[in-house]
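Student: What follows is query_33.txt, made up of compact mmCIF, N, CA and C atoms:
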# COMPACT_ATOMS: atom_id res chain seq x y z
N MET A 1 20.32 -9.41 2.08
CA MET A 1 19.33 -8.61 2.78
C MET A 1 19.45 -7.15 2.34
N THR A 2 18.34 -6.50 2.12
CA THR A 2 18.32 -5.11 1.73
C THR A 2 18.38 -4.24 2.98
N VAL A 3 19.23 -3.22 2.92
CA VAL A 3 19.37 -2.31 4.04
C VAL A 3 18.23 -1.30 4.00
N ALA A 4 17.69 -0.98 5.16
CA ALA A 4 16.59 -0.02 5.22
C ALA A 4 17.03 1.33 4.67
N GLY A 5 16.27 1.83 3.71
CA GLY A 5 16.53 3.15 3.15
C GLY A 5 17.50 3.19 2.00
N VAL A 6 18.09 2.05 1.62
CA VAL A 6 19.08 2.01 0.55
C VAL A 6 18.63 1.01 -0.51
N GLY A 7 18.73 1.40 -1.76
CA GLY A 7 18.41 0.48 -2.84
C GLY A 7 17.38 1.03 -3.79
N PRO A 8 17.16 0.31 -4.88
CA PRO A 8 16.26 0.82 -5.92
C PRO A 8 14.81 0.99 -5.47
N GLY A 9 14.32 0.12 -4.61
CA GLY A 9 12.94 0.28 -4.13
C GLY A 9 12.77 1.56 -3.35
N TRP A 10 13.73 1.87 -2.50
CA TRP A 10 13.65 3.09 -1.69
C TRP A 10 13.76 4.33 -2.56
N ALA A 11 14.68 4.31 -3.53
CA ALA A 11 14.84 5.47 -4.42
C ALA A 11 13.55 5.73 -5.20
N ARG A 12 12.93 4.67 -5.69
CA ARG A 12 11.68 4.83 -6.44
C ARG A 12 10.55 5.29 -5.53
N LEU A 13 10.55 4.83 -4.27
CA LEU A 13 9.53 5.29 -3.33
C LEU A 13 9.70 6.78 -3.05
N ALA A 14 10.93 7.23 -2.84
CA ALA A 14 11.18 8.65 -2.60
C ALA A 14 10.70 9.48 -3.79
N GLU A 15 10.93 8.99 -4.99
CA GLU A 15 10.47 9.68 -6.19
C GLU A 15 8.94 9.75 -6.22
N ALA A 16 8.28 8.66 -5.86
CA ALA A 16 6.82 8.64 -5.83
C ALA A 16 6.28 9.61 -4.78
N VAL A 17 6.93 9.65 -3.62
CA VAL A 17 6.50 10.56 -2.55
C VAL A 17 6.65 12.01 -3.02
N ALA A 18 7.78 12.32 -3.66
CA ALA A 18 8.02 13.68 -4.14
C ALA A 18 6.98 14.12 -5.16
N GLY A 19 6.34 13.18 -5.82
CA GLY A 19 5.28 13.52 -6.76
C GLY A 19 3.96 13.84 -6.08
N VAL A 20 3.86 13.51 -4.79
CA VAL A 20 2.60 13.71 -4.05
C VAL A 20 2.73 14.79 -2.98
N LEU A 21 3.88 14.84 -2.31
CA LEU A 21 4.10 15.79 -1.22
C LEU A 21 5.19 16.78 -1.59
N PRO A 22 5.08 18.04 -1.14
CA PRO A 22 6.17 18.99 -1.37
C PRO A 22 7.39 18.59 -0.53
N ALA A 23 8.46 18.19 -1.18
CA ALA A 23 9.65 17.70 -0.46
C ALA A 23 10.19 18.74 0.52
N ALA A 24 10.06 20.02 0.21
CA ALA A 24 10.57 21.08 1.09
C ALA A 24 9.82 21.13 2.42
N GLU A 25 8.61 20.60 2.48
CA GLU A 25 7.83 20.60 3.72
C GLU A 25 8.05 19.35 4.56
N VAL A 26 8.73 18.34 4.02
CA VAL A 26 8.99 17.10 4.77
C VAL A 26 10.18 17.36 5.69
N ASP A 27 9.95 17.24 7.00
CA ASP A 27 11.03 17.51 7.95
C ASP A 27 11.53 16.26 8.66
N GLY A 28 11.01 15.10 8.31
CA GLY A 28 11.49 13.86 8.92
C GLY A 28 11.07 12.66 8.11
N VAL A 29 12.00 11.69 8.01
CA VAL A 29 11.74 10.43 7.31
C VAL A 29 12.29 9.31 8.18
N TRP A 30 11.51 8.26 8.37
CA TRP A 30 11.93 7.08 9.11
C TRP A 30 11.59 5.86 8.28
N VAL A 31 12.53 4.93 8.16
CA VAL A 31 12.30 3.74 7.33
C VAL A 31 12.36 2.49 8.19
N PHE A 32 11.48 1.56 7.87
CA PHE A 32 11.46 0.25 8.52
C PHE A 32 12.29 -0.72 7.69
N SER A 33 12.79 -1.76 8.31
CA SER A 33 13.52 -2.78 7.57
C SER A 33 12.60 -3.40 6.53
N PRO A 34 13.09 -3.51 5.29
CA PRO A 34 12.24 -4.10 4.24
C PRO A 34 12.10 -5.61 4.43
N LEU A 35 11.05 -6.15 3.89
CA LEU A 35 10.81 -7.60 3.93
C LEU A 35 10.96 -8.15 2.52
N ARG A 36 11.62 -9.29 2.39
CA ARG A 36 11.73 -9.98 1.10
C ARG A 36 11.14 -11.36 1.24
N ARG A 37 10.21 -11.65 0.31
CA ARG A 37 9.56 -12.94 0.35
C ARG A 37 8.97 -13.21 -1.03
N GLU A 38 9.09 -14.44 -1.47
CA GLU A 38 8.47 -14.90 -2.71
C GLU A 38 8.75 -13.99 -3.90
N GLY A 39 10.00 -13.55 -4.02
CA GLY A 39 10.40 -12.74 -5.17
C GLY A 39 9.98 -11.29 -5.12
N ARG A 40 9.51 -10.84 -3.97
CA ARG A 40 9.07 -9.45 -3.82
C ARG A 40 9.73 -8.82 -2.60
N GLU A 41 9.85 -7.50 -2.67
CA GLU A 41 10.37 -6.73 -1.54
C GLU A 41 9.32 -5.70 -1.16
N TRP A 42 9.03 -5.61 0.14
CA TRP A 42 8.08 -4.64 0.68
C TRP A 42 8.84 -3.68 1.56
N GLY A 43 8.60 -2.40 1.38
CA GLY A 43 9.25 -1.38 2.21
C GLY A 43 8.23 -0.37 2.69
N THR A 44 8.46 0.14 3.90
CA THR A 44 7.56 1.14 4.49
C THR A 44 8.38 2.25 5.11
N ALA A 45 7.96 3.48 4.86
CA ALA A 45 8.58 4.66 5.47
C ALA A 45 7.48 5.50 6.10
N VAL A 46 7.85 6.23 7.14
CA VAL A 46 6.96 7.19 7.78
C VAL A 46 7.57 8.56 7.53
N LEU A 47 6.75 9.50 7.11
CA LEU A 47 7.22 10.85 6.82
C LEU A 47 6.44 11.86 7.64
N SER A 48 7.14 12.91 8.07
CA SER A 48 6.54 14.00 8.81
C SER A 48 6.60 15.25 7.93
N ARG A 49 5.48 15.95 7.86
CA ARG A 49 5.40 17.15 7.02
C ARG A 49 4.77 18.27 7.84
N VAL A 50 5.41 19.43 7.85
CA VAL A 50 4.84 20.60 8.50
C VAL A 50 4.01 21.34 7.46
N ASP A 51 2.73 21.51 7.78
CA ASP A 51 1.79 22.18 6.88
C ASP A 51 1.13 23.30 7.68
N GLY A 52 1.72 24.49 7.62
CA GLY A 52 1.22 25.61 8.43
C GLY A 52 1.49 25.34 9.89
N ASP A 53 0.44 25.35 10.72
CA ASP A 53 0.61 25.10 12.15
C ASP A 53 0.31 23.65 12.52
N ARG A 54 0.19 22.79 11.53
CA ARG A 54 -0.10 21.37 11.75
C ARG A 54 1.05 20.51 11.28
N ARG A 55 1.20 19.38 11.92
CA ARG A 55 2.15 18.36 11.48
C ARG A 55 1.32 17.20 10.94
N ARG A 56 1.65 16.76 9.75
CA ARG A 56 0.95 15.64 9.13
C ARG A 56 1.92 14.47 9.02
N ILE A 57 1.41 13.28 9.33
CA ILE A 57 2.22 12.06 9.28
C ILE A 57 1.68 11.17 8.16
N TYR A 58 2.60 10.65 7.34
CA TYR A 58 2.23 9.81 6.20
C TYR A 58 2.98 8.49 6.28
N THR A 59 2.37 7.44 5.77
CA THR A 59 3.12 6.21 5.50
C THR A 59 3.24 6.11 3.99
N ALA A 60 4.43 5.72 3.58
CA ALA A 60 4.71 5.48 2.16
C ALA A 60 5.18 4.04 2.07
N ARG A 61 4.57 3.29 1.18
CA ARG A 61 4.89 1.86 1.06
C ARG A 61 5.17 1.52 -0.39
N TYR A 62 6.03 0.52 -0.56
CA TYR A 62 6.27 0.03 -1.92
C TYR A 62 6.32 -1.48 -1.94
N VAL A 63 6.06 -2.03 -3.12
CA VAL A 63 6.26 -3.44 -3.41
C VAL A 63 7.06 -3.47 -4.70
N LEU A 64 8.18 -4.17 -4.68
CA LEU A 64 9.06 -4.28 -5.85
C LEU A 64 9.28 -5.75 -6.15
N ALA A 65 9.00 -6.16 -7.38
CA ALA A 65 9.28 -7.54 -7.80
C ALA A 65 10.78 -7.62 -8.07
N VAL A 66 11.47 -8.49 -7.35
CA VAL A 66 12.92 -8.61 -7.50
C VAL A 66 13.34 -9.87 -8.24
N ARG A 67 12.39 -10.77 -8.48
CA ARG A 67 12.67 -12.00 -9.24
C ARG A 67 11.44 -12.38 -10.04
N GLY A 68 11.66 -13.23 -11.01
CA GLY A 68 10.53 -13.77 -11.77
C GLY A 68 10.17 -12.94 -12.99
N LYS A 69 9.07 -13.32 -13.60
CA LYS A 69 8.61 -12.68 -14.83
C LYS A 69 8.32 -11.19 -14.65
N GLU A 70 7.87 -10.81 -13.48
CA GLU A 70 7.50 -9.41 -13.23
C GLU A 70 8.64 -8.60 -12.63
N ARG A 71 9.86 -9.10 -12.69
CA ARG A 71 11.01 -8.41 -12.11
C ARG A 71 11.02 -6.94 -12.55
N GLY A 72 11.18 -6.06 -11.59
CA GLY A 72 11.21 -4.63 -11.85
C GLY A 72 9.87 -3.94 -11.67
N LYS A 73 8.78 -4.70 -11.60
CA LYS A 73 7.45 -4.10 -11.40
C LYS A 73 7.43 -3.42 -10.03
N PHE A 74 6.92 -2.21 -10.00
CA PHE A 74 6.96 -1.39 -8.79
C PHE A 74 5.60 -0.77 -8.54
N GLU A 75 5.15 -0.83 -7.30
CA GLU A 75 3.91 -0.17 -6.89
C GLU A 75 4.18 0.60 -5.60
N ALA A 76 3.63 1.81 -5.51
CA ALA A 76 3.82 2.63 -4.32
C ALA A 76 2.50 3.27 -3.91
N THR A 77 2.35 3.46 -2.60
CA THR A 77 1.20 4.18 -2.06
C THR A 77 1.70 5.16 -1.00
N VAL A 78 1.02 6.29 -0.91
CA VAL A 78 1.31 7.29 0.12
C VAL A 78 -0.03 7.62 0.77
N GLN A 79 -0.08 7.52 2.09
CA GLN A 79 -1.34 7.73 2.80
C GLN A 79 -1.11 8.57 4.04
N GLU A 80 -1.93 9.58 4.25
CA GLU A 80 -1.86 10.35 5.48
C GLU A 80 -2.50 9.52 6.58
N VAL A 81 -1.77 9.37 7.70
CA VAL A 81 -2.27 8.52 8.79
C VAL A 81 -2.50 9.28 10.09
N GLY A 82 -2.14 10.56 10.11
CA GLY A 82 -2.36 11.32 11.33
C GLY A 82 -1.97 12.77 11.16
N SER A 83 -2.48 13.61 12.05
CA SER A 83 -2.09 15.01 12.07
C SER A 83 -2.29 15.54 13.48
N GLY A 84 -1.59 16.61 13.77
CA GLY A 84 -1.70 17.21 15.09
C GLY A 84 -0.89 18.47 15.14
N PRO A 85 -0.79 19.06 16.33
CA PRO A 85 0.03 20.26 16.47
C PRO A 85 1.48 19.95 16.10
N VAL A 86 2.21 20.95 15.64
CA VAL A 86 3.59 20.75 15.20
C VAL A 86 4.43 20.08 16.29
N GLU A 87 4.20 20.43 17.55
CA GLU A 87 5.02 19.89 18.64
C GLU A 87 4.66 18.45 19.02
N ALA A 88 3.68 17.85 18.40
CA ALA A 88 3.22 16.50 18.77
C ALA A 88 3.92 15.39 18.00
N LEU A 89 5.13 15.60 17.51
CA LEU A 89 5.81 14.63 16.65
C LEU A 89 5.96 13.26 17.32
N ALA A 90 6.45 13.20 18.54
CA ALA A 90 6.71 11.91 19.19
C ALA A 90 5.45 11.05 19.27
N LYS A 91 4.34 11.64 19.68
CA LYS A 91 3.08 10.90 19.81
C LYS A 91 2.57 10.45 18.44
N LEU A 92 2.66 11.31 17.43
CA LEU A 92 2.20 10.95 16.09
C LEU A 92 3.04 9.81 15.52
N LEU A 93 4.35 9.85 15.75
CA LEU A 93 5.22 8.77 15.26
C LEU A 93 4.90 7.45 15.96
N GLN A 94 4.66 7.52 17.25
CA GLN A 94 4.31 6.31 18.00
C GLN A 94 3.02 5.70 17.45
N ASP A 95 2.04 6.53 17.18
CA ASP A 95 0.77 6.04 16.62
C ASP A 95 0.98 5.46 15.23
N ALA A 96 1.81 6.10 14.43
CA ALA A 96 2.08 5.60 13.07
C ALA A 96 2.78 4.25 13.13
N GLN A 97 3.71 4.07 14.08
CA GLN A 97 4.42 2.79 14.20
C GLN A 97 3.44 1.68 14.57
N LYS A 98 2.47 1.97 15.42
CA LYS A 98 1.46 0.97 15.78
C LYS A 98 0.66 0.55 14.55
N ARG A 99 0.34 1.50 13.69
CA ARG A 99 -0.43 1.19 12.47
C ARG A 99 0.38 0.32 11.52
N VAL A 100 1.69 0.53 11.47
CA VAL A 100 2.55 -0.25 10.58
C VAL A 100 2.71 -1.67 11.12
N ASP A 101 2.61 -1.84 12.45
CA ASP A 101 2.68 -3.14 13.11
C ASP A 101 4.03 -3.82 12.89
N ASP A 102 5.11 -3.06 13.08
CA ASP A 102 6.46 -3.60 12.96
C ASP A 102 7.08 -3.63 14.35
N GLU A 103 7.74 -4.72 14.68
CA GLU A 103 8.34 -4.85 16.01
C GLU A 103 9.58 -3.98 16.16
N GLN A 104 10.32 -3.78 15.08
CA GLN A 104 11.54 -2.99 15.13
C GLN A 104 11.23 -1.52 14.90
N PRO A 105 11.88 -0.64 15.66
CA PRO A 105 11.64 0.79 15.43
C PRO A 105 12.23 1.21 14.08
N PRO A 106 11.66 2.22 13.46
CA PRO A 106 12.19 2.69 12.19
C PRO A 106 13.51 3.45 12.38
N LEU A 107 14.29 3.50 11.30
CA LEU A 107 15.56 4.22 11.32
C LEU A 107 15.37 5.59 10.69
N PRO A 108 15.89 6.65 11.32
CA PRO A 108 15.74 7.98 10.73
C PRO A 108 16.65 8.16 9.51
N VAL A 109 16.15 8.88 8.52
CA VAL A 109 16.91 9.24 7.32
C VAL A 109 16.69 10.73 7.11
N ALA A 110 17.76 11.47 6.91
CA ALA A 110 17.63 12.91 6.68
C ALA A 110 16.83 13.15 5.39
N PRO A 111 15.84 14.04 5.43
CA PRO A 111 15.03 14.28 4.24
C PRO A 111 15.84 14.66 3.00
N ASP A 112 16.92 15.44 3.17
CA ASP A 112 17.71 15.81 2.00
C ASP A 112 18.41 14.60 1.38
N ARG A 113 18.70 13.59 2.18
CA ARG A 113 19.27 12.34 1.65
C ARG A 113 18.17 11.48 1.02
N TRP A 114 17.01 11.47 1.63
CA TRP A 114 15.87 10.68 1.13
C TRP A 114 15.46 11.14 -0.26
N PHE A 115 15.37 12.46 -0.44
CA PHE A 115 14.94 13.02 -1.71
C PHE A 115 16.09 13.34 -2.65
N ALA A 116 17.29 12.84 -2.34
CA ALA A 116 18.46 13.11 -3.18
C ALA A 116 18.24 12.57 -4.59
N PRO A 117 18.75 13.28 -5.61
CA PRO A 117 18.63 12.77 -6.98
C PRO A 117 19.28 11.40 -7.11
N ALA A 118 18.73 10.56 -7.97
CA ALA A 118 19.22 9.19 -8.15
C ALA A 118 20.68 9.15 -8.55
N ASP A 119 21.18 10.15 -9.27
CA ASP A 119 22.57 10.12 -9.73
C ASP A 119 23.56 10.54 -8.65
N SER A 120 23.09 10.88 -7.45
CA SER A 120 24.01 11.27 -6.38
C SER A 120 24.49 10.08 -5.58
N GLY A 121 24.08 8.88 -5.93
CA GLY A 121 24.57 7.69 -5.25
C GLY A 121 23.51 7.07 -4.38
N PRO A 122 23.71 5.80 -3.99
CA PRO A 122 22.69 5.07 -3.24
C PRO A 122 22.68 5.34 -1.75
N SER A 123 23.69 6.01 -1.21
CA SER A 123 23.70 6.17 0.25
C SER A 123 22.59 7.11 0.66
N ARG A 124 21.87 6.68 1.65
CA ARG A 124 20.75 7.49 2.18
C ARG A 124 20.98 7.67 3.63
Is it possible to give me this structure as structure tokens?
Tutor:
Amino acid sequence: MTVAGVGPGWARLAEAVAGVLPAAEVDGVWVFSPLRREGREWGTAVLSRVDGDRRRIYTARYVLAVRGKERGKFEATVQEVGSGPVEALAKLLQDAQKRVDDEQPPLPVAPDRWFAPADSGPSR
């Protein structure tokens, strides 16, 4: 079983997110337990970004082929799913979790660990 927030899929997702969002503005990262099925792994993270006087919430998702002919194939998406006043974090996260439709709450990961360079080790 893959641990939430640790492993090659998560590292590649963090890299993809850093290409779309300014990492310095991300003040929170939460990861859901990944799912593995039929040779693929699916992972979802929720990110909080302070943009001026607004807080923006994003979901970042990946699919990684872990077996078969397409082993190593990776796809990622980053989508803004909500925004509100900076102080509205709890409500925005609750709404984002409903959209993800996961029964288990996400686990927090420190942004500096999430965006850590790949050569600094797998611990997140």
Student: Find the residue from A:Asp27, A:Glu80, A:Glu87, A:Glu75 that sits nearest to Val50 of chain A; use only N, CA and C atoms when measuring.
Tutor: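 Distance minimum relative to Val50 of chain A lands on A:Asp27.
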Student: Go through A:Phe74, A:Trp42, A:Tyr58, A:Trp114 one by one, measure the shortest atom-to-atom distance of each to Ala11 of chain A using only N, CA and C atoms, and give the residue with the smallest value.
Tutor: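 Going through A:Phe74, A:Trp42, A:Tyr58, A:Trp114 one by one, the smallest distance to Ala11 of chain A is for A:Trp114.
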Student: Using DSSP assignments from the backbone, pull out every residue in chain A that falls under helix (DSSP H, G or I) and give it to me as a compact mmCIF listing (two decimals) with N, CA and C atoms, in the coordinates of the input.
Tutor:
# COMPACT_ATOMS: atom_id res chain seq x y z
N PRO A 8 17.16 0.31 -4.88
CA PRO A 8 16.26 0.82 -5.92
C PRO A 8 14.81 0.99 -5.47
N GLY A 9 14.32 0.12 -4.61
CA GLY A 9 12.94 0.28 -4.13
C GLY A 9 12.77 1.56 -3.35
N TRP A 10 13.73 1.87 -2.50
CA TRP A 10 13.65 3.09 -1.69
C TRP A 10 13.76 4.33 -2.56
N ALA A 11 14.68 4.31 -3.53
CA ALA A 11 14.84 5.47 -4.42
C ALA A 11 13.55 5.73 -5.20
N ARG A 12 12.93 4.67 -5.69
CA ARG A 12 11.68 4.83 -6.44
C ARG A 12 10.55 5.29 -5.53
N LEU A 13 10.55 4.83 -4.27
CA LEU A 13 9.53 5.29 -3.33
C LEU A 13 9.70 6.78 -3.05
N ALA A 14 10.93 7.23 -2.84
CA ALA A 14 11.18 8.65 -2.60
C ALA A 14 10.70 9.48 -3.79
N GLU A 15 10.93 8.99 -4.99
CA GLU A 15 10.47 9.68 -6.19
C GLU A 15 8.94 9.75 -6.22
N ALA A 16 8.28 8.66 -5.86
CA ALA A 16 6.82 8.64 -5.83
C ALA A 16 6.28 9.61 -4.78
N VAL A 17 6.93 9.65 -3.62
CA VAL A 17 6.50 10.56 -2.55
C VAL A 17 6.65 12.01 -3.02
N ALA A 18 7.78 12.32 -3.66
CA ALA A 18 8.02 13.68 -4.14
C ALA A 18 6.98 14.12 -5.16
N ALA A 23 8.46 18.19 -1.18
CA ALA A 23 9.65 17.70 -0.46
C ALA A 23 10.19 18.74 0.52
N ALA A 24 10.06 20.02 0.21
CA ALA A 24 10.57 21.08 1.09
C ALA A 24 9.82 21.13 2.42
N GLU A 25 8.61 20.60 2.48
CA GLU A 25 7.83 20.60 3.72
C GLU A 25 8.05 19.35 4.56
N VAL A 86 2.21 20.95 15.64
CA VAL A 86 3.59 20.75 15.20
C VAL A 86 4.43 20.08 16.29
N GLU A 87 4.20 20.43 17.55
CA GLU A 87 5.02 19.89 18.64
C GLU A 87 4.66 18.45 19.02
N ALA A 88 3.68 17.85 18.40
CA ALA A 88 3.22 16.50 18.77
C ALA A 88 3.92 15.39 18.00
N LEU A 89 5.13 15.60 17.51
CA LEU A 89 5.81 14.63 16.65
C LEU A 89 5.96 13.26 17.32
N ALA A 90 6.45 13.20 18.54
CA ALA A 90 6.71 11.91 19.19
C ALA A 90 5.45 11.05 19.27
N LYS A 91 4.34 11.64 19.68
CA LYS A 91 3.08 10.90 19.81
C LYS A 91 2.57 10.45 18.44
N LEU A 92 2.66 11.31 17.43
CA LEU A 92 2.20 10.95 16.09
C LEU A 92 3.04 9.81 15.52
N LEU A 93 4.35 9.85 15.75
CA LEU A 93 5.22 8.77 15.26
C LEU A 93 4.90 7.45 15.96
N GLN A 94 4.66 7.52 17.25
CA GLN A 94 4.31 6.31 18.00
C GLN A 94 3.02 5.70 17.45
N ASP A 95 2.04 6.53 17.18
CA ASP A 95 0.77 6.04 16.62
C ASP A 95 0.98 5.46 15.23
N ALA A 96 1.81 6.10 14.43
CA ALA A 96 2.08 5.60 13.07
C ALA A 96 2.78 4.25 13.13
N GLN A 97 3.71 4.07 14.08
CA GLN A 97 4.42 2.79 14.20
C GLN A 97 3.44 1.68 14.57
N LYS A 98 2.47 1.97 15.42
CA LYS A 98 1.46 0.97 15.78
C LYS A 98 0.66 0.55 14.55
N ARG A 99 0.34 1.50 13.69
CA ARG A 99 -0.43 1.19 12.47
C ARG A 99 0.38 0.32 11.52
N VAL A 100 1.69 0.53 11.47
CA VAL A 100 2.55 -0.25 10.58
C VAL A 100 2.71 -1.67 11.12
N PRO A 111 15.84 14.04 5.43
CA PRO A 111 15.03 14.28 4.24
C PRO A 111 15.84 14.66 3.00
N ASP A 112 16.92 15.44 3.17
CA ASP A 112 17.71 15.81 2.00
C ASP A 112 18.41 14.60 1.38
N ARG A 113 18.70 13.59 2.18
CA ARG A 113 19.27 12.34 1.65
C ARG A 113 18.17 11.48 1.02
N TRP A 114 17.01 11.47 1.63
CA TRP A 114 15.87 10.68 1.13
C TRP A 114 15.46 11.14 -0.26
N ALA A 118 18.73 10.56 -7.97
CA ALA A 118 19.22 9.19 -8.15
C ALA A 118 20.68 9.15 -8.55
N ASP A 119 21.18 10.15 -9.27
CA ASP A 119 22.57 10.12 -9.73
C ASP A 119 23.56 10.54 -8.65
N SER A 120 23.09 10.88 -7.45
CA SER A 120 24.01 11.27 -6.38
C SER A 120 24.49 10.08 -5.58
Student: Provide the atom CA of Arg36 of chain A to atom CA of Lys91 of chain A distance in Å, to one decimal place.
Tutor: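 Distance reported for this atom pair: 29.3 Å.
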Student: Atom CA of Val29 of chain A to atom CA of Glu41 of chain A: how many Å, to one decimal?
Tutor: 19.4 Å
Student: What is the distance between atom CA of Lys73 of chain A and atom CA of Gly28 of chain A, in Å to one decimal?
Tutor: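 Calculated distance between atom CA of Lys73 of chain A and atom CA of Gly28 of chain A is 27.4 Å.
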Student: Which residue gives the smallest distance to Ala18 of chain A among A:Val109, A:Phe115, A:Val31, A:Val63, with only N, CA and C atoms counted?
Tutor: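 Of the candidates, the smallest distance to Ala18 of chain A is held by A:Phe115.
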Student: Counting only N, CA and C atoms, figure out which residue out of A:Val66, A:Thr44, A:Asp51, A:Leu13 gets nearest to Glu25 of chain A.
Tutor: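 The shortest atom-to-atom distance to Glu25 of chain A comes from A:Asp51.
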Student: From the DSSP assignment of the backbone, select every residue of segment 22-78 of chain A that is strand (DSSP E), and format the answer as a VMD selection string.
Tutor: chain A and resid 26 to 31 35 to 37 40 to 51 54 to 65 74 to 78
Student: Which is closer to Ser48 of chain A than all the others in A:Ala76, A:Val26, A:Ala65, A:Ala116, using all atoms listed in the file?
Tutor: A:Val26
Student: Smallest atom-to-atom distance to Thr77 of chain A: which of A:Ala16, A:Gly9, A:Arg40, A:Pro105, using only N, CA and C atoms?
Tutor: A:Ala16
